[in-house]
Amino acid sequence: MPTDRAARRSSLLPPAGPQRTLAAAQLASAVGDGAYYTCSALYFTRVVGMSPTALGLGLAIGWALGSVAAVPLGHLADRRGPRRTAVALGLAAAAVVVAFLVIRSYPSFLLAVCLYATAQSGLTAARQALVAGLVPAGERTGLLAHLQSTLNGGLAVGAAVGGIALSVGTRAAYLGAFVVTTIGLLVGALVLRRLPEVPPAAQESGTGPRLAVLRDRRYAAVTLVNAVLLLRMPLLSLVIPLWIAQRAPGIGWLGSALFVLNTLAVLAFQVRAARDVTGLDSAARAVRSAGVLLLACCAVFGLSALDVPVWAVGALLVVASVLQVAGEMRQSAGSWQIGFDLAPPDRIGQYQGFFGTGVAVARTLGPLLLTALLLDGGLAGWLVLGGVFLAAGFAMGPVARWAERDRGHALSPSEPVAPVVTATPVGTGTAGTAAEAA
């Protein structure tokens, strides 16, 4: 029995040491993020008096700037050390949230939200560089799975705190949620200080480009394919609630229930879904299977457009959501492995910063594209989207192998070669609506 308990515990927690410390930092920051994401929109519109259009424009500008800044900030993490960079950016994000407490004008808000998005995007890239510097190559995807699960759990706790603030509805309640956000970011940064410092990468010799990723067309192609697959992100948060309101308004509550289902499924099963992803070949298979699952998900979602009873609409949406989260977990695991394996060891920060721009692209263009395609297109629109997912899932393998060919870089001597060049290296992997939420 003790062995069984230990096995269950090991499946829920990453190994002791740097991996568990990274998970603790992720948990603290995620609690803060959950409180912020739940309350910020209503705080700025109801308390500060900002219009929804102005708020949306400011957020779009902020996150667009943040996604661009991720590459140079990732480069900074490579050159100055990812731990000190991550700590500094975590503290900067906390300071900006404090500034939100006193902001009253739109220019001040715009400046603050740009700084916040920049700090958060750079923090994500620096954390990825920390993972690469502290964790053997064959174990990174397994850790990222743990971090993804931890992220979802922290976001759920933070969202509960934000929900209390929303139910109270006073300015003091909203500010209290922002204080929770600040504390979470501060604790996350301080926990990262417990990690050993990863030595900065050696300065480049010669006249090569400092931000080499911006000239790496093959890595850009991989990032683009991944961005297409990330169009799944707005489905449960935006499209499905609108779809239910249009097709079956009597079960509007189901949209929130499906979002909770997704969160709990990732929390419980992301680590298991990534267990067999240990190298480029297995990662390509995972993404390919994700394309099939996402096609099936879209087909079932589309069937709910037919003239069927409300209970059947609800059942179809539940089945489709299960297929969606299964595809999401497989796509996440495969893309994490591919994003790491194709990045030069001395430029992990800038390459991960660039790879993360796929999330910003999906969040910026996804709502516009998907609402037009699905809400007006019905079953046909869903099948088109499913076909796009399937094509991207099958394209990832050939594109990743093309990007791997003649890379001109090798793993560092401390890392085993097997995780990159074979389909059966040791190690496991996952971690993060991370890349998605953090």
# chains A, B, ... in the order shown; residues from 1 in each chain; ligands from 1

$ residues_around --residues "range 62-78 of chain A" --least-positions-apart "2" --cutoff "7 Å" --atoms "only C-alpha atoms" --output "MDAnalysis selection string"
chainID A and resid 58:60 80:82 85 113:114 117:118 121:122 125:126 200:201 346:350 353:354 357 360

$ write_last_selection --atoms "N, CA and C atoms" --output "mmCIF file, in the first residue's frame"
data_model
loop_
_atom_site.group_PDB
_atom_site.id
_atom_site.type_symbol
_atom_site.label_atom_id
_atom_site.label_comp_id
_atom_site.auth_asym_id
_atom_site.auth_seq_id
_atom_site.Cartn_x
_atom_site.Cartn_y
_atom_site.Cartn_z
ATOM 1 N N GLY A 58 -7.138 48.211 -25.798
ATOM 2 C CA GLY A 58 -5.942 48.289 -24.965
ATOM 3 C C GLY A 58 -5.322 46.936 -24.730
ATOM 4 N N LEU A 59 -6.154 45.937 -24.457
ATOM 5 C CA LEU A 59 -5.628 44.592 -24.238
ATOM 6 C C LEU A 59 -4.997 44.025 -25.496
ATOM 7 N N ALA A 60 -5.630 44.275 -26.650
ATOM 8 C CA ALA A 60 -5.074 43.786 -27.907
ATOM 9 C C ALA A 60 -3.709 44.406 -28.179
ATOM 10 N N ARG A 80 21.886 36.755 -19.893
ATOM 11 C CA ARG A 80 22.101 37.210 -18.516
ATOM 12 C C ARG A 80 21.768 36.148 -17.472
ATOM 13 N N GLY A 81 21.202 35.040 -17.915
ATOM 14 C CA GLY A 81 20.816 33.989 -16.978
ATOM 15 C C GLY A 81 19.305 33.965 -16.815
ATOM 16 N N PRO A 82 18.650 32.817 -17.042
ATOM 17 C CA PRO A 82 17.185 32.772 -17.008
ATOM 18 C C PRO A 82 16.590 32.958 -15.617
ATOM 19 N N THR A 85 16.560 36.698 -14.732
ATOM 20 C CA THR A 85 15.620 37.366 -15.643
ATOM 21 C C THR A 85 14.182 37.054 -15.261
ATOM 22 N N VAL A 113 -0.892 48.211 -19.122
ATOM 23 C CA VAL A 113 -1.233 46.913 -19.691
ATOM 24 C C VAL A 113 -0.155 46.458 -20.671
ATOM 25 N N CYS A 114 0.503 47.400 -21.366
ATOM 26 C CA CYS A 114 1.621 47.037 -22.236
ATOM 27 C C CYS A 114 2.797 46.500 -21.407
ATOM 28 N N ALA A 117 1.789 42.940 -20.051
ATOM 29 C CA ALA A 117 1.859 41.893 -21.068
ATOM 30 C C ALA A 117 3.305 41.603 -21.448
ATOM 31 N N THR A 118 4.127 42.635 -21.510
ATOM 32 C CA THR A 118 5.542 42.443 -21.830
ATOM 33 C C THR A 118 6.235 41.617 -20.753
ATOM 34 N N SER A 121 4.944 37.949 -20.921
ATOM 35 C CA SER A 121 5.452 37.210 -22.076
ATOM 36 C C SER A 121 6.930 36.881 -21.895
ATOM 37 N N GLY A 122 7.705 37.850 -21.412
ATOM 38 C CA GLY A 122 9.119 37.581 -21.155
ATOM 39 C C GLY A 122 9.324 36.562 -20.053
ATOM 40 N N ALA A 125 9.008 33.052 -21.454
ATOM 41 C CA ALA A 125 10.206 32.636 -22.182
ATOM 42 C C ALA A 125 11.351 32.309 -21.218
ATOM 43 N N ALA A 126 11.521 33.132 -20.179
ATOM 44 C CA ALA A 126 12.598 32.892 -19.215
ATOM 45 C C ALA A 126 12.364 31.591 -18.447
ATOM 46 N N PRO A 200 24.690 31.761 -17.980
ATOM 47 C CA PRO A 200 24.304 32.379 -19.260
ATOM 48 C C PRO A 200 25.004 31.683 -20.412
ATOM 49 N N ALA A 201 24.353 31.690 -21.571
ATOM 50 C CA ALA A 201 24.979 31.119 -22.758
ATOM 51 C C ALA A 201 26.169 31.973 -23.160
ATOM 52 N N ASP A 346 21.896 27.122 -26.859
ATOM 53 C CA ASP A 346 22.342 28.404 -26.326
ATOM 54 C C ASP A 346 21.378 29.541 -26.629
ATOM 55 N N ARG A 347 20.218 29.218 -27.223
ATOM 56 C CA ARG A 347 19.241 30.248 -27.570
ATOM 57 C C ARG A 347 17.829 29.814 -27.208
ATOM 58 N N ILE A 348 17.709 29.013 -26.169
ATOM 59 C CA ILE A 348 16.402 28.493 -25.789
ATOM 60 C C ILE A 348 15.426 29.628 -25.491
ATOM 61 N N GLY A 349 15.876 30.658 -24.774
ATOM 62 C CA GLY A 349 14.978 31.735 -24.373
ATOM 63 C C GLY A 349 14.363 32.444 -25.553
ATOM 64 N N GLN A 350 15.180 32.882 -26.511
ATOM 65 C CA GLN A 350 14.624 33.619 -27.640
ATOM 66 C C GLN A 350 13.775 32.714 -28.528
ATOM 67 N N GLY A 353 10.517 32.198 -26.763
ATOM 68 C CA GLY A 353 9.755 33.422 -26.872
ATOM 69 C C GLY A 353 9.061 33.525 -28.213
ATOM 70 N N PHE A 354 9.772 33.140 -29.282
ATOM 71 C CA PHE A 354 9.183 33.172 -30.616
ATOM 72 C C PHE A 354 8.088 32.115 -30.757
ATOM 73 N N THR A 357 4.686 33.037 -29.561
ATOM 74 C CA THR A 357 3.853 34.006 -30.280
ATOM 75 C C THR A 357 2.663 33.333 -30.950
ATOM 76 N N ALA A 360 -0.367 34.099 -28.973
ATOM 77 C CA ALA A 360 -0.891 35.445 -29.199
ATOM 78 C C ALA A 360 -1.630 35.533 -30.521
#

$ closest_residue --among "A:Gly153, A:Pro52, A:Gly32, A:Gly255" --to "Val318 in chain A" --atoms "only C-alpha atoms"
A:Gly255

$ select_by_dssp --residues "range 237-425 of chain A" --states "alpha helix (DSSP H)" --output "PyMOL selection string"
chain A and resi 240-247+254-273+280-303+310-341+348-355+357-370+376-404+418-421

$ closest_residue --among "A:Phe44, A:Ala290, A:Val161, A:Pro199" --to "Arg79 in chain A" --atoms "only C-alpha atoms"
A:Pro199

$ closest_residue --among "A:Thr141, A:Gln324, A:Gln120, A:Asn152" --to "Ala30 in chain A" --atoms "only C-alpha atoms"
A:Asn152

$ residues_around --residues "range 370-379 of chain A" --least-positions-apart "6" --cutoff "10 Å" --atoms "only C-alpha atoms" --output "PyMOL selection string"
chain A and resi 231-232+234-235+238-240+242-243+246-247+298-306+385

$ write_last_selection --atoms "N, CA and C atoms" --output "tab-separated table (two decimals), in the first residue's frame"
chain	number	residue	atom	x	y	z
A	231	LEU	N	-5.69	27.43	-32.73
A	231	LEU	CA	-7.00	28.04	-32.95
A	231	LEU	C	-8.09	27.32	-32.15
A	232	ARG	N	-7.74	26.17	-31.59
A	232	ARG	CA	-8.69	25.48	-30.70
A	232	ARG	C	-8.95	26.28	-29.43
A	234	PRO	N	-9.88	29.45	-28.56
A	234	PRO	CA	-11.11	30.22	-28.30
A	234	PRO	C	-12.40	29.39	-28.34
A	235	LEU	N	-12.32	28.11	-28.63
A	235	LEU	CA	-13.55	27.34	-28.80
A	235	LEU	C	-14.42	27.34	-27.53
A	238	LEU	N	-15.07	31.15	-25.93
A	238	LEU	CA	-15.83	32.14	-26.68
A	238	LEU	C	-16.88	31.53	-27.60
A	239	VAL	N	-16.46	30.64	-28.49
A	239	VAL	CA	-17.36	30.17	-29.55
A	239	VAL	C	-18.51	29.35	-29.00
A	240	ILE	N	-18.22	28.39	-28.11
A	240	ILE	CA	-19.28	27.51	-27.63
A	240	ILE	C	-20.35	28.25	-26.83
A	242	LEU	N	-21.33	31.28	-27.30
A	242	LEU	CA	-22.12	31.98	-28.33
A	242	LEU	C	-22.95	30.98	-29.13
A	243	TRP	N	-22.38	29.82	-29.42
A	243	TRP	CA	-23.09	28.78	-30.16
A	243	TRP	C	-24.31	28.30	-29.39
A	246	GLN	N	-27.08	30.82	-29.38
A	246	GLN	CA	-27.74	30.90	-30.68
A	246	GLN	C	-28.62	29.68	-30.95
A	247	ARG	N	-28.17	28.50	-30.57
A	247	ARG	CA	-28.86	27.25	-30.93
A	247	ARG	C	-29.75	26.70	-29.83
A	298	CYS	N	-14.76	18.62	-33.95
A	298	CYS	CA	-15.50	19.60	-34.76
A	298	CYS	C	-16.71	18.95	-35.43
A	299	ALA	N	-16.57	17.71	-35.89
A	299	ALA	CA	-17.70	17.03	-36.52
A	299	ALA	C	-18.86	16.87	-35.55
A	300	VAL	N	-18.55	16.50	-34.31
A	300	VAL	CA	-19.62	16.31	-33.32
A	300	VAL	C	-20.22	17.66	-32.92
A	301	PHE	N	-19.37	18.69	-32.74
A	301	PHE	CA	-19.90	20.02	-32.49
A	301	PHE	C	-20.86	20.42	-33.61
A	302	GLY	N	-20.47	20.15	-34.86
A	302	GLY	CA	-21.29	20.53	-36.00
A	302	GLY	C	-22.63	19.82	-36.03
A	303	LEU	N	-22.67	18.58	-35.55
A	303	LEU	CA	-23.94	17.85	-35.53
A	303	LEU	C	-24.98	18.52	-34.65
A	304	SER	N	-24.53	19.31	-33.68
A	304	SER	CA	-25.48	20.00	-32.81
A	304	SER	C	-26.20	21.13	-33.54
A	305	ALA	N	-25.78	21.43	-34.78
A	305	ALA	CA	-26.49	22.43	-35.59
A	305	ALA	C	-27.73	21.84	-36.25
A	306	LEU	N	-27.85	20.52	-36.25
A	306	LEU	CA	-29.00	19.88	-36.89
A	306	LEU	C	-30.25	20.05	-36.04
A	385	LEU	N	-13.26	23.70	-40.34
A	385	LEU	CA	-12.29	23.88	-39.25
A	385	LEU	C	-11.65	22.55	-38.89
